[in-house]
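Asker: What follows is structure_8.cif, made up of mmCIF, C-alpha atoms:
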```cif
data_work
loop_
_atom_site.group_PDB
_atom_site.id
_atom_site.type_symbol
_atom_site.label_atom_id
_atom_site.label_comp_id
_atom_site.auth_asym_id
_atom_site.auth_seq_id
_atom_site.Cartn_x
_atom_site.Cartn_y
_atom_site.Cartn_z
ATOM 1 C CA MET A 1301 22.818 -7.225 19.701
ATOM 2 C CA ASN A 1302 21.417 -5.031 16.918
ATOM 3 C CA ASN A 1303 23.430 -7.111 14.530
ATOM 4 C CA THR A 1304 21.717 -10.328 15.600
ATOM 5 C CA ILE A 1305 18.210 -8.855 15.484
ATOM 6 C CA GLY A 1306 18.974 -7.336 12.103
ATOM 7 C CA LEU A 1307 20.113 -10.673 10.721
ATOM 8 C CA ILE A 1308 16.941 -12.334 12.053
ATOM 9 C CA PHE A 1309 14.871 -9.734 10.184
ATOM 10 C CA VAL A 1310 16.872 -10.351 7.008
ATOM 11 C CA GLY A 1311 16.259 -14.101 7.398
ATOM 12 C CA ILE A 1312 12.499 -13.623 7.842
ATOM 13 C CA GLY A 1313 12.475 -11.381 4.786
ATOM 14 C CA ILE A 1314 14.236 -13.952 2.643
ATOM 15 C CA ALA A 1315 11.778 -16.637 3.799
ATOM 16 C CA PHE A 1316 8.775 -14.498 2.832
ATOM 17 C CA ASN A 1317 10.322 -13.658 -0.513
ATOM 18 C CA LEU A 1318 10.721 -17.386 -1.077
ATOM 19 C CA PHE A 1319 7.021 -17.974 -0.273
ATOM 20 C CA GLY A 1320 6.124 -15.217 -2.698
ATOM 21 C CA CYS A 1321 8.133 -16.864 -5.448
ATOM 22 C CA ILE A 1322 6.597 -20.278 -4.735
ATOM 23 C CA GLY A 1323 3.195 -18.629 -4.984
ATOM 24 C CA LEU A 1324 4.190 -17.073 -8.280
ATOM 25 C CA VAL A 1325 4.830 -20.550 -9.656
ATOM 26 C CA ARG A 1326 1.966 -22.482 -8.082
ATOM 27 C CA LEU A 1327 -1.069 -20.210 -8.250
ATOM 28 C CA PRO A 1328 -3.225 -20.357 -11.378
ATOM 29 C CA ASP A 1329 -3.832 -16.953 -12.999
ATOM 30 C CA VAL A 1330 -2.483 -13.402 -13.234
ATOM 31 C CA TYR A 1331 -4.563 -12.013 -10.381
ATOM 32 C CA ASN A 1332 -3.738 -14.737 -7.864
ATOM 33 C CA ARG A 1333 -0.088 -14.530 -8.767
ATOM 34 C CA LEU A 1334 -0.128 -10.798 -8.259
ATOM 35 C CA GLN A 1335 -1.555 -11.353 -4.792
ATOM 36 C CA ALA A 1336 1.324 -13.585 -3.807
ATOM 37 C CA ALA A 1337 3.867 -11.353 -5.502
ATOM 38 C CA THR A 1338 2.743 -8.077 -3.949
ATOM 39 C CA LYS A 1339 2.041 -9.187 -0.402
ATOM 40 C CA CYS A 1340 4.917 -11.511 0.285
ATOM 41 C CA VAL A 1341 7.524 -9.675 -1.713
ATOM 42 C CA THR A 1342 6.595 -6.294 -0.257
ATOM 43 C CA LEU A 1343 6.785 -7.361 3.372
ATOM 44 C CA GLY A 1344 9.747 -9.646 2.676
ATOM 45 C CA THR A 1345 11.760 -6.884 1.065
ATOM 46 C CA CYS A 1346 10.716 -4.378 3.728
ATOM 47 C CA SER A 1347 11.882 -6.818 6.364
ATOM 48 C CA ILE A 1348 15.245 -7.231 4.641
ATOM 49 C CA LEU A 1349 15.634 -3.453 4.418
ATOM 50 C CA PHE A 1350 14.694 -3.009 8.066
ATOM 51 C CA GLY A 1351 17.245 -5.655 9.007
ATOM 52 C CA THR A 1352 19.827 -3.770 6.987
ATOM 53 C CA PHE A 1353 18.940 -0.611 8.874
ATOM 54 C CA LEU A 1354 19.385 -2.370 12.214
ATOM 55 C CA VAL A 1355 22.774 -3.734 11.193
ATOM 56 C CA MET A 1356 24.079 -0.509 9.668
ATOM 57 C CA GLY A 1357 22.562 1.988 12.137
ATOM 58 C CA PHE A 1358 22.188 5.664 11.264
ATOM 59 C CA THR A 1359 24.711 5.679 8.454
ATOM 60 C CA ALA A 1360 24.266 6.531 4.780
ATOM 61 C CA ALA A 1361 23.174 2.985 3.925
ATOM 62 C CA GLY A 1362 20.838 2.652 6.907
ATOM 63 C CA ILE A 1363 18.947 5.870 6.211
ATOM 64 C CA LYS A 1364 18.611 4.952 2.546
ATOM 65 C CA SER A 1365 17.139 1.582 3.381
ATOM 66 C CA ILE A 1366 14.474 3.228 5.548
ATOM 67 C CA LEU A 1367 13.626 5.551 2.648
ATOM 68 C CA CYS A 1368 13.421 2.557 0.307
ATOM 69 C CA MET A 1369 10.958 0.875 2.673
ATOM 70 C CA TRP A 1370 8.658 3.865 2.459
ATOM 71 C CA PHE A 1371 8.829 4.047 -1.336
ATOM 72 C CA LEU A 1372 8.283 0.319 -1.666
ATOM 73 C CA LEU A 1373 5.195 0.391 0.569
ATOM 74 C CA LEU A 1374 3.696 3.143 -1.578
ATOM 75 C CA ALA A 1375 4.729 1.895 -4.992
ATOM 76 C CA SER A 1376 4.213 -1.838 -4.911
ATOM 77 C CA PRO A 1377 0.431 -1.949 -4.237
ATOM 78 C CA THR A 1378 -0.053 0.775 -6.824
ATOM 79 C CA ALA A 1379 1.876 -1.201 -9.416
ATOM 80 C CA ALA A 1380 -0.148 -4.325 -8.601
ATOM 81 C CA HIS A 1381 -3.363 -2.363 -9.040
ATOM 82 C CA ALA A 1382 -2.174 -1.022 -12.397
ATOM 83 C CA ILE A 1383 -1.199 -4.468 -13.661
ATOM 84 C CA ALA A 1384 -4.452 -6.075 -12.495
ATOM 85 C CA ARG A 1385 -6.564 -3.360 -14.062
ATOM 86 C CA GLY A 1386 -4.572 -3.469 -17.283
ATOM 87 C CA ALA A 1387 -4.835 -7.238 -17.471
ATOM 88 C CA HIS A 1388 -8.589 -7.154 -16.941
ATOM 89 C CA ARG A 1389 -9.073 -4.449 -19.553
ATOM 90 C CA ALA A 1390 -6.930 -6.400 -22.018
ATOM 91 C CA GLY A 1391 -9.290 -9.336 -21.583
ATOM 92 C CA VAL A 1392 -7.278 -11.729 -19.458
ATOM 93 C CA LYS A 1393 -9.768 -14.243 -18.055
ATOM 94 C CA LEU A 1394 -9.924 -15.332 -14.447
ATOM 95 C CA CYS A 1395 -8.972 -18.949 -13.814
ATOM 96 C CA GLN A 1396 -11.416 -21.887 -13.873
ATOM 97 C CA GLU A 1397 -12.055 -22.049 -10.125
ATOM 98 C CA SER A 1398 -13.226 -18.443 -9.885
ATOM 99 C CA VAL A 1399 -16.632 -17.937 -8.308
ATOM 100 C CA ALA A 1400 -17.495 -14.369 -9.257
ATOM 101 C CA ASP A 1401 -16.469 -11.554 -11.565
ATOM 102 C CA GLN A 1402 -18.618 -8.554 -10.778
ATOM 103 C CA TYR A 1403 -16.144 -6.226 -12.467
ATOM 104 C CA ALA A 1404 -16.794 -7.830 -15.859
ATOM 105 C CA GLU A 1405 -20.552 -7.732 -15.223
ATOM 106 C CA ASP A 1406 -20.465 -4.020 -14.518
ATOM 107 C CA LYS A 1407 -18.152 -3.144 -17.388
ATOM 108 C CA GLU A 1408 -20.022 -5.076 -20.085
ATOM 109 C CA GLY A 1409 -22.461 -2.284 -20.857
ATOM 110 C CA GLU A 1410 -19.849 0.458 -21.041
ATOM 111 C CA ALA A 1411 -17.304 -1.108 -23.355
ATOM 112 C CA MET B 1124 1.430 28.419 -2.717
ATOM 113 C CA LYS B 1125 1.107 26.601 0.578
ATOM 114 C CA SER B 1126 1.146 23.242 -1.136
ATOM 115 C CA LYS B 1127 4.281 24.242 -3.064
ATOM 116 C CA ILE B 1128 6.092 25.106 0.144
ATOM 117 C CA THR B 1129 5.057 21.789 1.673
ATOM 118 C CA LEU B 1130 6.224 19.925 -1.407
ATOM 119 C CA PHE B 1131 9.543 21.780 -1.300
ATOM 120 C CA LEU B 1132 10.088 20.922 2.349
ATOM 121 C CA GLY B 1133 9.210 17.277 1.782
ATOM 122 C CA LEU B 1134 11.546 16.993 -1.186
ATOM 123 C CA TYR B 1135 14.314 18.725 0.704
ATOM 124 C CA LEU B 1136 13.935 16.329 3.614
ATOM 125 C CA ILE B 1137 14.154 13.328 1.280
ATOM 126 C CA TRP B 1138 17.238 14.853 -0.343
ATOM 127 C CA CYS B 1139 18.889 15.282 3.059
ATOM 128 C CA PHE B 1140 18.188 11.660 3.927
ATOM 129 C CA LEU B 1141 19.545 10.488 0.589
ATOM 130 C CA ASN B 1142 22.770 12.416 1.147
ATOM 131 C CA TRP B 1143 23.384 11.498 4.751
ATOM 132 C CA MET B 1144 25.680 12.907 6.371
ATOM 133 C CA PRO B 1145 24.735 16.397 5.240
ATOM 134 C CA ASP B 1146 27.423 19.024 4.698
ATOM 135 C CA TRP B 1147 26.925 22.511 3.281
ATOM 136 C CA GLN B 1148 27.586 21.573 -0.355
ATOM 137 C CA HIS B 1149 24.933 18.867 -0.298
ATOM 138 C CA LEU B 1150 22.473 21.179 1.395
ATOM 139 C CA LEU B 1151 23.035 23.920 -1.186
ATOM 140 C CA VAL B 1152 22.574 21.586 -4.170
ATOM 141 C CA GLY B 1153 19.514 20.187 -2.399
ATOM 142 C CA VAL B 1154 17.888 23.613 -2.310
ATOM 143 C CA LEU B 1155 18.446 24.001 -6.058
ATOM 144 C CA VAL B 1156 17.172 20.534 -6.959
ATOM 145 C CA ALA B 1157 14.141 20.647 -4.670
ATOM 146 C CA GLY B 1158 13.295 24.132 -5.919
ATOM 147 C CA LEU B 1159 13.506 23.037 -9.549
ATOM 148 C CA VAL B 1160 11.301 19.985 -8.981
ATOM 149 C CA THR B 1161 8.812 22.112 -7.076
ATOM 150 C CA ILE B 1162 8.586 24.616 -9.936
ATOM 151 C CA VAL B 1163 8.175 21.904 -12.562
ATOM 152 C CA THR B 1164 5.693 19.594 -10.830
ATOM 153 C CA GLY B 1165 3.928 22.405 -8.984
ATOM 154 C CA ASP B 1166 0.532 21.494 -7.613
ATOM 155 C CA LEU B 1167 0.420 17.964 -8.986
ATOM 156 C CA PHE B 1168 1.110 16.048 -5.832
ATOM 157 C CA VAL B 1169 -0.081 17.703 -2.675
ATOM 158 C CA SER B 1170 -3.696 18.712 -3.101
ATOM 159 C CA ASN B 1171 -5.476 18.558 0.250
ATOM 160 C CA ILE B 1172 -2.860 20.175 2.379
ATOM 161 C CA HIS B 1173 -5.193 20.892 5.291
ATOM 162 C CA VAL B 1174 -4.489 17.381 6.544
ATOM 163 C CA LEU B 1175 -0.969 18.271 7.622
ATOM 164 C CA HIS B 1176 -2.064 21.348 9.559
ATOM 165 C CA HIS B 1177 -4.043 19.351 12.069
ATOM 166 C CA LEU B 1178 -1.731 17.655 14.464
ATOM 167 C CA ARG B 1179 -4.607 15.448 15.540
ATOM 168 C CA ARG B 1180 -4.763 13.846 12.082
ATOM 169 C CA VAL B 1181 -1.040 13.109 11.984
ATOM 170 C CA TRP B 1182 -1.430 11.642 15.430
ATOM 171 C CA TYR B 1183 -4.290 9.401 14.293
ATOM 172 C CA PHE B 1184 -2.142 8.266 11.394
ATOM 173 C CA LEU B 1185 0.730 7.192 13.624
ATOM 174 C CA ILE B 1186 -1.234 5.800 16.561
ATOM 175 C CA TYR B 1187 -4.216 4.110 14.890
ATOM 176 C CA TYR B 1188 -3.394 3.531 11.247
ATOM 177 C CA MET B 1189 0.200 2.329 11.338
ATOM 178 C CA PRO B 1190 -0.131 -0.455 13.971
ATOM 179 C CA VAL B 1191 -3.343 -1.781 12.387
ATOM 180 C CA PHE B 1192 -1.705 -1.679 8.974
ATOM 181 C CA VAL B 1193 1.462 -3.478 10.044
ATOM 182 C CA TRP B 1194 -0.506 -6.141 11.894
ATOM 183 C CA GLU B 1195 -2.799 -6.749 8.918
ATOM 184 C CA CYS B 1196 0.228 -6.859 6.643
ATOM 185 C CA ILE B 1197 1.879 -9.595 8.693
ATOM 186 C CA LYS B 1198 -1.400 -11.529 8.823
ATOM 187 C CA ALA B 1199 -1.702 -11.219 5.052
ATOM 188 C CA ASN B 1200 1.745 -12.688 4.569
ATOM 189 C CA LEU B 1201 1.089 -15.646 6.833
ATOM 190 C CA ASP B 1202 -2.193 -16.172 5.007
ATOM 191 C CA VAL B 1203 -0.518 -16.210 1.594
ATOM 192 C CA ALA B 1204 2.272 -18.446 2.890
ATOM 193 C CA TYR B 1205 -0.324 -20.902 4.200
ATOM 194 C CA ARG B 1206 -2.256 -20.997 0.940
ATOM 195 C CA VAL B 1207 0.865 -21.347 -1.159
ATOM 196 C CA LEU B 1208 2.437 -24.125 0.882
ATOM 197 C CA HIS B 1209 -0.798 -26.110 1.326
ATOM 198 C CA PRO B 1210 -0.689 -29.108 -1.038
ATOM 199 C CA MET B 1211 -4.319 -28.609 -2.149
ATOM 200 C CA LEU B 1212 -4.033 -24.834 -2.852
ATOM 201 C CA PRO B 1213 -7.182 -23.759 -0.917
ATOM 202 C CA ILE B 1214 -8.253 -20.828 -3.085
ATOM 203 C CA ARG B 1215 -11.647 -19.620 -4.292
ATOM 204 C CA PRO B 1216 -10.789 -16.519 -6.287
ATOM 205 C CA GLY B 1217 -13.152 -13.934 -7.693
ATOM 206 C CA ILE B 1218 -13.708 -10.228 -8.162
ATOM 207 C CA VAL B 1219 -16.313 -8.627 -5.925
ATOM 208 C CA LYS B 1220 -17.634 -5.127 -5.502
ATOM 209 C CA ILE B 1221 -17.450 -3.102 -2.298
ATOM 210 C CA LYS B 1222 -18.751 0.336 -1.398
ATOM 211 C CA THR B 1223 -16.848 3.209 0.118
ATOM 212 C CA ASN B 1224 -17.855 6.589 1.499
ATOM 213 C CA LEU B 1225 -14.439 8.201 1.161
ATOM 214 C CA LYS B 1226 -14.168 11.063 -1.317
ATOM 215 C CA THR B 1227 -10.710 12.606 -1.383
ATOM 216 C CA ASP B 1228 -7.922 11.303 -3.594
ATOM 217 C CA THR B 1229 -5.447 10.695 -0.810
ATOM 218 C CA ALA B 1230 -7.919 8.769 1.293
ATOM 219 C CA LEU B 1231 -8.937 6.567 -1.632
ATOM 220 C CA THR B 1232 -5.303 5.895 -2.516
ATOM 221 C CA PHE B 1233 -4.532 4.868 1.025
ATOM 222 C CA LEU B 1234 -7.666 2.710 1.186
ATOM 223 C CA ALA B 1235 -6.774 0.914 -2.056
ATOM 224 C CA ASN B 1236 -3.183 0.368 -0.946
ATOM 225 C CA SER B 1237 -4.316 -0.887 2.459
ATOM 226 C CA ILE B 1238 -6.735 -3.303 0.837
ATOM 227 C CA THR B 1239 -3.991 -4.635 -1.403
ATOM 228 C CA LEU B 1240 -1.698 -5.321 1.528
ATOM 229 C CA THR B 1241 -4.326 -6.906 3.792
ATOM 230 C CA PRO B 1242 -5.224 -10.610 3.859
ATOM 231 C CA GLY B 1243 -6.497 -12.121 0.664
ATOM 232 C CA THR B 1244 -7.613 -9.002 -1.162
ATOM 233 C CA MET B 1245 -6.260 -6.781 -3.909
ATOM 234 C CA SER B 1246 -7.859 -3.691 -5.401
ATOM 235 C CA VAL B 1247 -8.387 -3.941 -9.158
ATOM 236 C CA ASP B 1248 -10.304 -0.820 -10.063
ATOM 237 C CA ILE B 1249 -12.016 2.129 -8.479
ATOM 238 C CA ASP B 1250 -15.082 4.065 -9.553
ATOM 239 C CA ARG B 1251 -15.123 7.348 -7.774
ATOM 240 C CA ASP B 1252 -18.466 8.650 -8.960
ATOM 241 C CA LYS B 1253 -20.336 5.637 -7.654
ATOM 242 C CA GLY B 1254 -18.025 5.150 -4.681
ATOM 243 C CA VAL B 1255 -17.278 1.572 -5.663
ATOM 244 C CA LEU B 1256 -14.095 -0.467 -5.436
ATOM 245 C CA TYR B 1257 -13.548 -3.725 -7.294
ATOM 246 C CA ILE B 1258 -11.606 -6.216 -5.224
ATOM 247 C CA HIS B 1259 -9.892 -9.394 -6.282
ATOM 248 C CA TRP B 1260 -10.393 -11.790 -3.398
ATOM 249 C CA ILE B 1261 -8.317 -14.932 -3.197
ATOM 250 C CA HIS B 1262 -10.898 -16.749 -1.048
ATOM 251 C CA VAL B 1263 -14.345 -15.290 -1.657
ATOM 252 C CA GLU B 1264 -16.510 -15.553 1.443
ATOM 253 C CA THR B 1265 -19.506 -13.650 0.160
ATOM 254 C CA THR B 1266 -20.483 -12.001 -3.113
ATOM 255 C CA ASP B 1267 -22.929 -9.690 -1.382
ATOM 256 C CA CYS B 1268 -21.783 -6.077 -1.620
ATOM 257 C CA GLU B 1269 -22.697 -5.002 1.913
ATOM 258 C CA LYS B 1270 -21.211 -7.988 3.685
ATOM 259 C CA ALA B 1271 -18.045 -7.861 1.613
ATOM 260 C CA THR B 1272 -17.637 -4.190 2.487
ATOM 261 C CA LYS B 1273 -17.947 -5.016 6.146
ATOM 262 C CA ILE B 1274 -15.336 -7.767 5.976
ATOM 263 C CA VAL B 1275 -12.782 -6.088 3.728
ATOM 264 C CA ALA B 1276 -12.837 -2.351 4.184
ATOM 265 C CA ALA B 1277 -14.887 -1.288 7.182
ATOM 266 C CA HIS B 1278 -12.212 -0.915 9.836
ATOM 267 C CA PHE B 1279 -9.732 0.838 7.552
ATOM 268 C CA GLU B 1280 -12.405 3.126 6.230
ATOM 269 C CA LYS B 1281 -13.304 4.377 9.688
ATOM 270 C CA ILE B 1282 -9.698 5.201 10.518
ATOM 271 C CA LEU B 1283 -8.950 6.811 7.140
ATOM 272 C CA ALA B 1284 -12.089 8.928 7.294
ATOM 273 C CA LYS B 1285 -10.842 10.386 10.565
ATOM 274 C CA ILE B 1286 -7.460 11.170 9.063
ATOM 275 C CA PHE B 1287 -8.182 12.454 5.576
ATOM 276 C CA GLU B 1288 -11.773 13.570 5.181
ATOM 277 C CA GLU B 1289 -12.730 17.219 5.465
ATOM 278 C CA ASP B 1290 -15.436 17.480 8.057
ATOM 279 C CA VAL B 1291 -15.002 14.800 10.677
#
```
Rewrite the structure from the file as structure tokens, please.
Answerer:
Amino acid sequence: MNNTIGLIFVGIGIAFNLFGCIGLVRLPDVYNRLQAATKCVTLGTCSILFGTFLVMGFTAAGIKSILCMWFLLLASPTAAHAIARGAHRAGVKLCQESVADQYAEDKEGEA
Amino acid sequence: MKSKITLFLGLYLIWCFLNWMPDWQHLLVGVLVAGLVTIVTGDLFVSNIHVLHHLRRVWYFLIYYMPVFVWECIKANLDVAYRVLHPMLPIRPGIVKIKTNLKTDTALTFLANSITLTPGTMSVDIDRDKGVLYIHWIHVETTDCEKATKIVAAHFEKILAKIFEEDV
């Protein structure tokens, strides 16, 4: 029973990772790509890890996968924030369709 | 000193989980390693320790924050999946400003991380003195600061203020 549910979770995770990768290819600029990459890949990978935990149970591998989930949830948004901030500071422009960039407006005076 | 003890206990717990099943050799090495890391990194990580002493706050974290967070996270993924698979790519990206009343480091970190993992938004930068967050929004609904705050951050902010802020 746990095995089946675990495999379903792993399948969902792989699907979301796939969506994340499609987003990485299709979306226009750094910031939009980061959105797809962080959201889908974080939940996708967490789902895979949770599925692993369900399949393995409370063994060495299962406990480690739960720990990895926790670290991933903390680290991945932080990394996305760092990349986005770095990109903006390095002067990467937003794509053509963008409607607002209040960050650039506020930072103009300081730089 | 209190924060060092907390850090030590946290590290030791992580060590035990990493070396499941624990036997006495693992536990002994764990004490040494956790102690060494505690001495080296000291007070870097755990600054507002008072949070952990109130059971009520931990309770709020588990009962209110976690379910809301997981639900928003799933919604965010479906949202991104929809936008990515739609043949026309329905996006309207932009960076907008929102206000926050939170002050402590931990609360701001959790707010920024929550914003990143909720539908359509990602935190780009934070200005603590002015209490301003800059948000990259994949489908901008409003560029007005107040309205954007209400849409993006309001419900998380209320919960996080109850958990992490000093005098609530």
Asker: Do you have, as CSV, the list of residues of chain A lying at most 7 Å from chain B, each with its nearest atom pair and that distance in Å to one decimal, counting all atoms listed in the file and ordered by chain then number?
Answerer:
```
residue,atom,partner,partner_atom,distance
A:Phe1319,CA,B:Ala1204,CA,5.7
A:Ile1322,CA,B:Val1207,CA,6.8
A:Gly1323,CA,B:Val1207,CA,5.2
A:Asn1332,CA,B:Ile1261,CA,6.5
A:Gln1335,CA,B:Met1245,CA,6.6
A:Ala1336,CA,B:Val1203,CA,6.3
A:Lys1339,CA,B:Leu1240,CA,5.7
A:Cys1340,CA,B:Asn1200,CA,5.5
A:Ala1360,CA,B:Trp1143,CA,5.0
A:Ile1363,CA,B:Phe1140,CA,6.3
A:Lys1364,CA,B:Leu1141,CA,5.9
A:Pro1377,CA,B:Asn1236,CA,5.4
A:Thr1378,CA,B:Asn1236,CA,6.7
A:His1381,CA,B:Val1247,CA,5.3
A:Ala1384,CA,B:Val1247,CA,5.6
A:Arg1385,CA,B:Val1247,CA,5.3
A:Glu1397,CA,B:Arg1215,CA,6.3
A:Ser1398,CA,B:Pro1216,CA,4.8
A:Val1399,CA,B:Gly1217,CA,5.3
A:Ala1400,CA,B:Gly1217,CA,4.6
A:Asp1401,CA,B:Ile1218,CA,4.6
A:Gln1402,CA,B:Val1219,CA,5.4
A:Tyr1403,CA,B:Tyr1257,CA,6.3
```
Asker: What are the centre and the three edge lengths of an axis-aligned box that wraps all atoms of segment 1387-1406 of chain A in the file, given that 5 Å is added to every side, written as AutoDock Vina command-line options and rounded to one decimal in Å?
Answerer:
```
--center_x -12.7 --center_y -13.0 --center_z -15.2 --size_x 25.7 --size_y 28.0 --size_z 23.7
```
Asker: If you measure from atom CA of Ile1312 of chain A to atom CA of Thr1342 of chain A, what distance in Å do you get, rounded to one decimal?
Answerer: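 Going from atom CA of Ile1312 of chain A over to atom CA of Thr1342 of chain A, I get 12.4 Å.
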Asker: Record the distance separating atom CA of Phe1350 of chain A and atom CA of Ala1379 of chain A, expressed in Å with one decimal.
Answerer: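 If I compute the distance from atom CA of Phe1350 of chain A to atom CA of Ala1379 of chain A, I get 21.8 Å.
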Asker: Check what the PyMOL selection byres ((chain B and resi 1227) around 9) selects in the file above and give those residues as a list in words.
Answerer: Asn1171, Leu1225, Lys1226, Asp1228, Thr1229, Ala1230, Leu1231, Thr1232, Phe1287, Glu1288 and Glu1289 of chain B
Asker: The selected residues should be written to file as a tab-separated table (two decimals), in the coordinates of the input (atoms: C-alpha atoms).
Answerer:
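Output file again_11.tsv follows:
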```
chain	number	residue	atom	x	y	z
B	1171	ASN	CA	-5.48	18.56	0.25
B	1225	LEU	CA	-14.44	8.20	1.16
B	1226	LYS	CA	-14.17	11.06	-1.32
B	1228	ASP	CA	-7.92	11.30	-3.59
B	1229	THR	CA	-5.45	10.70	-0.81
B	1230	ALA	CA	-7.92	8.77	1.29
B	1231	LEU	CA	-8.94	6.57	-1.63
B	1232	THR	CA	-5.30	5.90	-2.52
B	1287	PHE	CA	-8.18	12.45	5.58
B	1288	GLU	CA	-11.77	13.57	5.18
B	1289	GLU	CA	-12.73	17.22	5.46
```
Asker: Could you work out how far atom CA of Lys1285 of chain B lies from atom CA of Leu1185 of chain B, giving the answer in Å with one decimal?
Answerer: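 These two atoms are separated by 12.4 Å.
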Asker: Show which residues sit within 6 Å of Gly1351 of chain A, as a VMD selection string. Count all atoms listed in the file, and ignore same-chain residues fewer than 4 positions away.
Answerer: chain A and resid 1306 1309 to 1310
Asker: Using all atoms listed in the file, what residues lie at most 12 Å away from (13.1, -4.0, 3.9) (file coordinates), given as a ChimeraX atom specification?
Answerer: /A:1306-1307,1309-1314,1316-1317,1340-1354,1362-1373
Asker: Kindly indicate which residue among A:Ile1383, A:Val1330, A:Cys1321, A:Gly1391 lies nearest to Lys1407 of chain A, using all atoms listed in the file for the distances.
Answerer: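 Under the stated criterion, the closest residue is A:Gly1391.
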Asker: With a distance cut-off of 9 Å and all atoms listed in the file, select the neighbouring residues of Phe1279 of chain B, excluding the residue or stretch itself and same-chain residues fewer than 5 positions from it, and output the selection as an NGL selection string.
Answerer: :B and (1188 or 1191-1192 or 1234 or 1237-1238 or 1284)
Asker: Would you mind telling me which residue in A:Ala1337, A:Met1356, A:Ala1404, A:Ala1361 lies nearest to Ala1390 of chain A when using all atoms listed in the file?
Answerer: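 For Ala1390 of chain A, the nearest of the candidates is A:Ala1404.
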